[in-house]
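Visitor: Dumping the structure here so I can ask a few things about it.
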Amino acid sequence: MADTGEITWHRRPYRDGDLTDAWYALIATSDADANRAASAEAEQHRVWCVRSDDADAATAWTPATGHSEGVTVAVLTTDARGRDPRHTAAIRDAVVEGLRDGTLVAPHHRTRTPGVALVGGGPGDPDLITVRGRRLLAEADVVIADRLGPRDLLAELPPHVEVIDAAKIPYGRFMAQEAINNALIEHAKQGKSVVRLKGGDPYVFGRGMEELQALAEAGIPCTVVPGISSSISVPGAAGIPVTHRGVAHEFTVVSGHVAPRRRTVPRRLAVAGQAHRHPGDPHGRRQDREDRRDARRPRQEPRHPRRPRPGRHDGRTAPRRRHPRDRRRDRTRRGRQTARRHRHRRRRRRGPPARRVTAAPPPRQGS
């Protein structure tokens with residue numbers, strides 16, 4: 001404090017008369033005689049005196065203070081027999097930390113702004129949610145939770161919080177995405193603080209962008225809180241790094257579920273195993289071009305899917321146009337193969353060729 005200029009430090013011992021014009025004195029020296037003399041002078045001049053060595057001999061006590069989100073927390077021990085500055089500071093730290101991470105619920109009532117928060121809850125462990133996400137969850141009026149989110153945190157919410165189950169269970173209960181968007185908009189327009197609790201990260205197969213677009217169209221402010229994606233946290237919990245220097249320099253996240261009217265599951269699954277790479281295209285640039293083309297022109301699912309044509313393509317995309325010389329060469333090759341098959345068929349139809357029998361010449365007479 002002296003180096004920053006907050007106080008003026010005189011390097012000398014205590015002298016009688018130092019507290020003449022003071023109104024507050026903090027005595028914290030290692031000299032017991034100097035502490036007693038300064039305390040006596042403070043009592044004589046009616047000056048508030050705080051003793052760091054003996055709280056019972058002091059005329060004022062200083063609480064342990066802390067700050068969090070514009071709130072000042074002060075902890076003071078009233079029992080003279082239980083005064084412990086370190087214990088008081090530990091209580092102060094626990095209260096401040098609880099306000100910061102949301103474990104200590106202290107919702108706002110006057111300065112609260114309605115809106116929606118898309119919170120990523122992580123892989124499911126309540127301890128792996130972010131501090132900001134837990135704080136917003138503690139201040140929420142309505143929570144729309146997924147099945148894969150940290151549902152153990154819902155039991156810690158106050159009784160007045162409305163919890164809506166938005167689970168999508170295969171072959172079970174299912175809440176459509178349109179219904180979720182309408183619920184977010186409806187509760188936000190009522191002036192409530194809404195939290196959309198998701199598993200993992202909202203933007204990693206979480207449909208977070210769809211909900212953000214719906215809220216933007218309705219003119220509702222939205223906050224996005226990233227979360228720990230299970231695609232990297234689950235392998236990490238099992239001791240498997242997704243990247244390792246000299247071994248793996250990239251990783252791919254692939255979903256087995258795609259939107260309706262799209263037929264890209266085999267291609268996307270091939271991306272993970274690198275099975276789509278052509279020997280003449282080791283970096284996959286040809287496949288990247290096809291993916292971008294499909295993204296620009298999504299194809300609808302036909303009512304009667306056609307059988308894939310034989311060749312290098314699999315029926316999802318039209319074959320690439322080839323040079324006329326290559327087409328003539330293919331027609332010539334196919335013509336030769338067809339003529340060869342026809343010759344074999346005619347031979348099998350006629351059967352084996354008849355054997356030619358030649359009679360021996362008659363013997364000569366008179367020889």
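FYI, nothing fancy with the structure tokens labels: chains A, B, ... in order, residues from 1 per chain, ligands from 1 as they appear.
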Can you list, as a list of chain:residue names, every protein, DNA or RNA residue that comes within 6 Å of stretch 183-192 of chain A when you count only C-alpha atoms, leaving out same-chain residues fewer than 4 positions away?
Guide: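 Residues meeting the cut-off are A:Pro114, A:Gly115, A:Asp141.
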Visitor: Run DSSP on the backbone of this structure and report the residues of stretch 64-149 of chain A it assigns to helix (DSSP H, G or I), as a count of residues only.
Guide: 31
Visitor: A:Trp48: which residues within 10 Å, counting only C-alpha atoms, same-chain residues fewer than 4 positions away excluded, as a ChimeraX atom specification?
Guide: /A:22-26,39,42-43,58-61
Visitor: Could you please take those selected residues and save N, CA, C and O atoms as an mmCIF file, in the first residue's frame?
Guide:
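The result, stored in selection_0.cif:
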data_model
loop_
_atom_site.group_PDB
_atom_site.id
_atom_site.type_symbol
_atom_site.label_atom_id
_atom_site.label_comp_id
_atom_site.auth_asym_id
_atom_site.auth_seq_id
_atom_site.Cartn_x
_atom_site.Cartn_y
_atom_site.Cartn_z
ATOM 1 N N ALA A 22 -6.240 11.945 14.947
ATOM 2 C CA ALA A 22 -6.776 10.767 14.248
ATOM 3 C C ALA A 22 -8.172 10.436 14.756
ATOM 4 O O ALA A 22 -8.569 10.842 15.865
ATOM 5 N N TRP A 23 -8.930 9.719 13.931
ATOM 6 C CA TRP A 23 -10.246 9.219 14.362
ATOM 7 C C TRP A 23 -10.337 7.685 14.279
ATOM 8 O O TRP A 23 -11.276 7.083 14.794
ATOM 9 N N TYR A 24 -9.314 7.080 13.657
ATOM 10 C CA TYR A 24 -9.292 5.619 13.546
ATOM 11 C C TYR A 24 -7.845 5.171 13.572
ATOM 12 O O TYR A 24 -6.993 5.735 12.855
ATOM 13 N N ALA A 25 -7.557 4.168 14.400
ATOM 14 C CA ALA A 25 -6.186 3.678 14.548
ATOM 15 C C ALA A 25 -6.198 2.160 14.414
ATOM 16 O O ALA A 25 -7.032 1.471 15.020
ATOM 17 N N LEU A 26 -5.234 1.659 13.638
ATOM 18 C CA LEU A 26 -5.048 0.220 13.457
ATOM 19 C C LEU A 26 -3.670 -0.121 14.003
ATOM 20 O O LEU A 26 -2.648 0.290 13.444
ATOM 21 N N SER A 39 -2.834 2.000 22.390
ATOM 22 C CA SER A 39 -4.229 1.759 22.744
ATOM 23 C C SER A 39 -4.682 2.684 23.866
ATOM 24 O O SER A 39 -5.813 3.178 23.857
ATOM 25 N N ALA A 42 -5.328 6.098 22.339
ATOM 26 C CA ALA A 42 -6.576 6.105 21.589
ATOM 27 C C ALA A 42 -7.774 6.181 22.519
ATOM 28 O O ALA A 42 -8.757 6.886 22.232
ATOM 29 N N GLU A 43 -7.718 5.494 23.636
ATOM 30 C CA GLU A 43 -8.823 5.569 24.606
ATOM 31 C C GLU A 43 -8.909 6.960 25.226
ATOM 32 O O GLU A 43 -10.007 7.474 25.497
ATOM 33 N N ALA A 58 -9.412 -3.982 22.195
ATOM 34 C CA ALA A 58 -9.700 -3.000 21.145
ATOM 35 C C ALA A 58 -11.075 -2.371 21.375
ATOM 36 O O ALA A 58 -11.951 -2.934 22.035
ATOM 37 N N THR A 59 -11.248 -1.188 20.838
ATOM 38 C CA THR A 59 -12.545 -0.495 20.883
ATOM 39 C C THR A 59 -13.309 -0.588 19.571
ATOM 40 O O THR A 59 -14.419 -0.074 19.470
ATOM 41 N N ALA A 60 -12.754 -1.245 18.556
ATOM 42 C CA ALA A 60 -13.419 -1.439 17.258
ATOM 43 C C ALA A 60 -12.908 -2.736 16.651
ATOM 44 O O ALA A 60 -11.769 -3.155 16.903
ATOM 45 N N TRP A 61 -13.771 -3.335 15.857
ATOM 46 C CA TRP A 61 -13.416 -4.576 15.166
ATOM 47 C C TRP A 61 -13.579 -4.368 13.671
ATOM 48 O O TRP A 61 -14.524 -3.720 13.221
#
Visitor: Find the residues near stretch 166-175 of chain A: any atom within 9 Å, counting only C-alpha atoms, skip ones fewer than 2 places away on the same chain, and give them as a list of chain:residue names.
Guide: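 Using only C-alpha atoms, the neighbours found are A:Ile144, A:Ala145, A:Asp146, A:Arg147, A:Leu148, A:Ile164, A:Gln177, A:Glu178, A:Ala179, A:Ile180.
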Visitor: Those selected residues, please, written with all heavy atoms and delivered as a PDB file, in the first residue's frame.
Guide:
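Below you can see selection-v3.pdb, which holds the result:
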ATOM      1  N   ILE A 144     -35.666 -24.758 -19.314  1.00  0.00           N
ATOM      2  CA  ILE A 144     -36.064 -25.765 -20.300  1.00  0.00           C
ATOM      3  C   ILE A 144     -34.851 -26.670 -20.491  1.00  0.00           C
ATOM      4  O   ILE A 144     -33.857 -26.263 -21.096  1.00  0.00           O
ATOM      5  CB  ILE A 144     -36.503 -25.112 -21.619  1.00  0.00           C
ATOM      6  CG1 ILE A 144     -37.655 -24.140 -21.357  1.00  0.00           C
ATOM      7  CG2 ILE A 144     -36.911 -26.160 -22.639  1.00  0.00           C
ATOM      8  CD1 ILE A 144     -38.141 -23.405 -22.592  1.00  0.00           C
ATOM      9  N   ALA A 145     -34.935 -27.884 -19.967  1.00  0.00           N
ATOM     10  CA  ALA A 145     -33.773 -28.755 -19.860  1.00  0.00           C
ATOM     11  C   ALA A 145     -33.874 -29.915 -20.824  1.00  0.00           C
ATOM     12  O   ALA A 145     -34.965 -30.451 -21.074  1.00  0.00           O
ATOM     13  CB  ALA A 145     -33.626 -29.279 -18.434  1.00  0.00           C
ATOM     14  N   ASP A 146     -32.727 -30.308 -21.360  1.00  0.00           N
ATOM     15  CA  ASP A 146     -32.610 -31.497 -22.195  1.00  0.00           C
ATOM     16  C   ASP A 146     -32.375 -32.726 -21.320  1.00  0.00           C
ATOM     17  O   ASP A 146     -32.079 -32.629 -20.126  1.00  0.00           O
ATOM     18  CB  ASP A 146     -31.454 -31.353 -23.188  1.00  0.00           C
ATOM     19  CG  ASP A 146     -31.853 -30.523 -24.404  1.00  0.00           C
ATOM     20  OD1 ASP A 146     -33.057 -30.306 -24.575  1.00  0.00           O
ATOM     21  OD2 ASP A 146     -30.956 -30.104 -25.145  1.00  0.00           O
ATOM     22  N   ARG A 147     -32.457 -33.883 -21.969  1.00  0.00           N
ATOM     23  CA  ARG A 147     -32.249 -35.136 -21.240  1.00  0.00           C
ATOM     24  C   ARG A 147     -30.774 -35.365 -20.933  1.00  0.00           C
ATOM     25  O   ARG A 147     -30.435 -35.969 -19.916  1.00  0.00           O
ATOM     26  CB  ARG A 147     -32.794 -36.292 -22.085  1.00  0.00           C
ATOM     27  CG  ARG A 147     -32.622 -37.665 -21.459  1.00  0.00           C
ATOM     28  CD  ARG A 147     -33.327 -38.711 -22.292  1.00  0.00           C
ATOM     29  NE  ARG A 147     -32.766 -38.796 -23.626  1.00  0.00           N
ATOM     30  CZ  ARG A 147     -31.843 -39.667 -23.999  1.00  0.00           C
ATOM     31  NH1 ARG A 147     -31.367 -40.534 -23.119  1.00  0.00           N
ATOM     32  NH2 ARG A 147     -31.391 -39.691 -25.229  1.00  0.00           N
ATOM     33  N   LEU A 148     -29.870 -34.885 -21.800  1.00  0.00           N
ATOM     34  CA  LEU A 148     -28.441 -35.140 -21.640  1.00  0.00           C
ATOM     35  C   LEU A 148     -27.724 -34.077 -20.826  1.00  0.00           C
ATOM     36  O   LEU A 148     -26.515 -34.166 -20.651  1.00  0.00           O
ATOM     37  CB  LEU A 148     -27.780 -35.272 -23.019  1.00  0.00           C
ATOM     38  CG  LEU A 148     -28.348 -36.365 -23.917  1.00  0.00           C
ATOM     39  CD1 LEU A 148     -27.641 -36.362 -25.260  1.00  0.00           C
ATOM     40  CD2 LEU A 148     -28.229 -37.720 -23.254  1.00  0.00           C
ATOM     41  N   ILE A 164     -39.191 -27.214 -17.396  1.00  0.00           N
ATOM     42  CA  ILE A 164     -39.871 -27.830 -18.541  1.00  0.00           C
ATOM     43  C   ILE A 164     -38.947 -28.894 -19.118  1.00  0.00           C
ATOM     44  O   ILE A 164     -37.789 -28.602 -19.446  1.00  0.00           O
ATOM     45  CB  ILE A 164     -40.234 -26.782 -19.601  1.00  0.00           C
ATOM     46  CG1 ILE A 164     -41.161 -25.723 -19.005  1.00  0.00           C
ATOM     47  CG2 ILE A 164     -40.889 -27.438 -20.814  1.00  0.00           C
ATOM     48  CD1 ILE A 164     -41.503 -24.601 -19.957  1.00  0.00           C
ATOM     49  N   GLN A 177     -38.865 -29.373 -31.959  1.00  0.00           N
ATOM     50  CA  GLN A 177     -38.048 -28.167 -31.890  1.00  0.00           C
ATOM     51  C   GLN A 177     -38.895 -26.914 -32.013  1.00  0.00           C
ATOM     52  O   GLN A 177     -38.603 -25.892 -31.385  1.00  0.00           O
ATOM     53  CB  GLN A 177     -36.977 -28.207 -32.982  1.00  0.00           C
ATOM     54  CG  GLN A 177     -35.965 -27.086 -32.881  1.00  0.00           C
ATOM     55  CD  GLN A 177     -35.172 -27.135 -31.594  1.00  0.00           C
ATOM     56  OE1 GLN A 177     -34.752 -28.196 -31.151  1.00  0.00           O
ATOM     57  NE2 GLN A 177     -34.964 -25.978 -30.989  1.00  0.00           N
ATOM     58  N   GLU A 178     -39.948 -26.962 -32.808  1.00  0.00           N
ATOM     59  CA  GLU A 178     -40.835 -25.801 -32.929  1.00  0.00           C
ATOM     60  C   GLU A 178     -41.513 -25.492 -31.599  1.00  0.00           C
ATOM     61  O   GLU A 178     -41.679 -24.320 -31.229  1.00  0.00           O
ATOM     62  CB  GLU A 178     -41.888 -26.045 -34.011  1.00  0.00           C
ATOM     63  CG  GLU A 178     -41.333 -26.095 -35.435  1.00  0.00           C
ATOM     64  CD  GLU A 178     -40.633 -27.413 -35.725  1.00  0.00           C
ATOM     65  OE1 GLU A 178     -40.730 -28.339 -34.873  1.00  0.00           O
ATOM     66  OE2 GLU A 178     -39.983 -27.517 -36.789  1.00  0.00           O
ATOM     67  N   ALA A 179     -41.888 -26.540 -30.856  1.00  0.00           N
ATOM     68  CA  ALA A 179     -42.506 -26.316 -29.548  1.00  0.00           C
ATOM     69  C   ALA A 179     -41.505 -25.725 -28.558  1.00  0.00           C
ATOM     70  O   ALA A 179     -41.864 -24.879 -27.719  1.00  0.00           O
ATOM     71  CB  ALA A 179     -43.070 -27.631 -29.013  1.00  0.00           C
ATOM     72  N   ILE A 180     -40.255 -26.129 -28.645  1.00  0.00           N
ATOM     73  CA  ILE A 180     -39.232 -25.556 -27.764  1.00  0.00           C
ATOM     74  C   ILE A 180     -39.015 -24.084 -28.082  1.00  0.00           C
ATOM     75  O   ILE A 180     -38.924 -23.240 -27.178  1.00  0.00           O
ATOM     76  CB  ILE A 180     -37.920 -26.351 -27.899  1.00  0.00           C
ATOM     77  CG1 ILE A 180     -38.113 -27.798 -27.435  1.00  0.00           C
ATOM     78  CG2 ILE A 180     -36.808 -25.689 -27.098  1.00  0.00           C
ATOM     79  CD1 ILE A 180     -36.893 -28.665 -27.625  1.00  0.00           C
TER      80      ILE A 180
END
Visitor: So that each row is one residue of stretch 35-102 of chain A with an atom at most 12 Å from stretch 126-131 of chain A, can you give its shortest atom pair and the distance in Å to one decimal, using only C-alpha atoms, rows by chain and rising number, as a Markdown table?
Guide:
| residue | atom | partner | partner_atom | distance |
| --- | --- | --- | --- | --- |
| A:Glu97 | CA | A:Val131 | CA | 10.2 |
| A:Gly98 | CA | A:Val131 | CA | 10.1 |
| A:Leu99 | CA | A:Val131 | CA | 10.0 |
| A:Arg100 | CA | A:Val131 | CA | 7.2 |
| A:Asp101 | CA | A:Val131 | CA | 4.6 |
| A:Gly102 | CA | A:Val131 | CA | 6.9 |
Visitor: Any chance you can output those residues with C-alpha atoms as a PDB file, in the first residue's frame?
Guide:
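Once written, result_24.pdb looks like this:
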ATOM      1  CA  GLU A  97     -16.997 -17.967  -4.054  1.00  0.00           C
ATOM      2  CA  GLY A  98     -20.580 -19.209  -3.700  1.00  0.00           C
ATOM      3  CA  LEU A  99     -21.897 -15.976  -5.175  1.00  0.00           C
ATOM      4  CA  ARG A 100     -19.472 -16.216  -8.069  1.00  0.00           C
ATOM      5  CA  ASP A 101     -20.113 -19.835  -9.119  1.00  0.00           C
ATOM      6  CA  GLY A 102     -23.855 -19.810  -8.423  1.00  0.00           C
TER       7      GLY A 102
END
Visitor: Separation of atom CA of A:His160 and atom CA of A:Val142, in Å?
Guide: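 Between atom CA of A:His160 and atom CA of A:Val142 the gap works out to 9.0 Å.
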Visitor: Using only C-alpha atoms, can you tell me which of A:Ser255, A:Thr62, A:Ser229, A:Thr243 comes closest to A:Val50?
Guide: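 For A:Val50, the nearest of the given residues is A:Thr62.
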Visitor: Can you work out which one of A:Asn35, A:Thr20, A:Ser193, A:Thr223 has the shortest atom-to-atom distance to A:Thr113, counting only C-alpha atoms?
Guide: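 Of A:Asn35, A:Thr20, A:Ser193, A:Thr223, the one nearest A:Thr113, counting only C-alpha atoms, is A:Ser193.
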Visitor: Quote the spacing between atom CA of A:Asp54 and atom CA of A:Ala94 in Å to one decimal place.
Guide: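 Value for the atom CA of A:Asp54-atom CA of A:Ala94 distance: 25.5 Å.
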Visitor: A:Ala155: which residues within 12 Å, counting only C-alpha atoms, same-chain residues fewer than 5 positions away excluded, as a PyMOL selection string?
Guide: chain A and resi 126+137-138+143+150+161-163
Visitor: Go through A:Ala176, A:Ala40, A:Ala28, A:Ala90 and flag the residue nearest A:Asp53, using only C-alpha atoms for the distances.
Guide: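 Nearest candidate to A:Asp53 out of A:Ala176, A:Ala40, A:Ala28, A:Ala90: A:Ala28.
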Visitor: Rounded to one decimal in Å, what is the spacing between atom CA of A:Ala238 and atom CA of A:Arg132?
Guide: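 Interatomic distance here is 26.2 Å.
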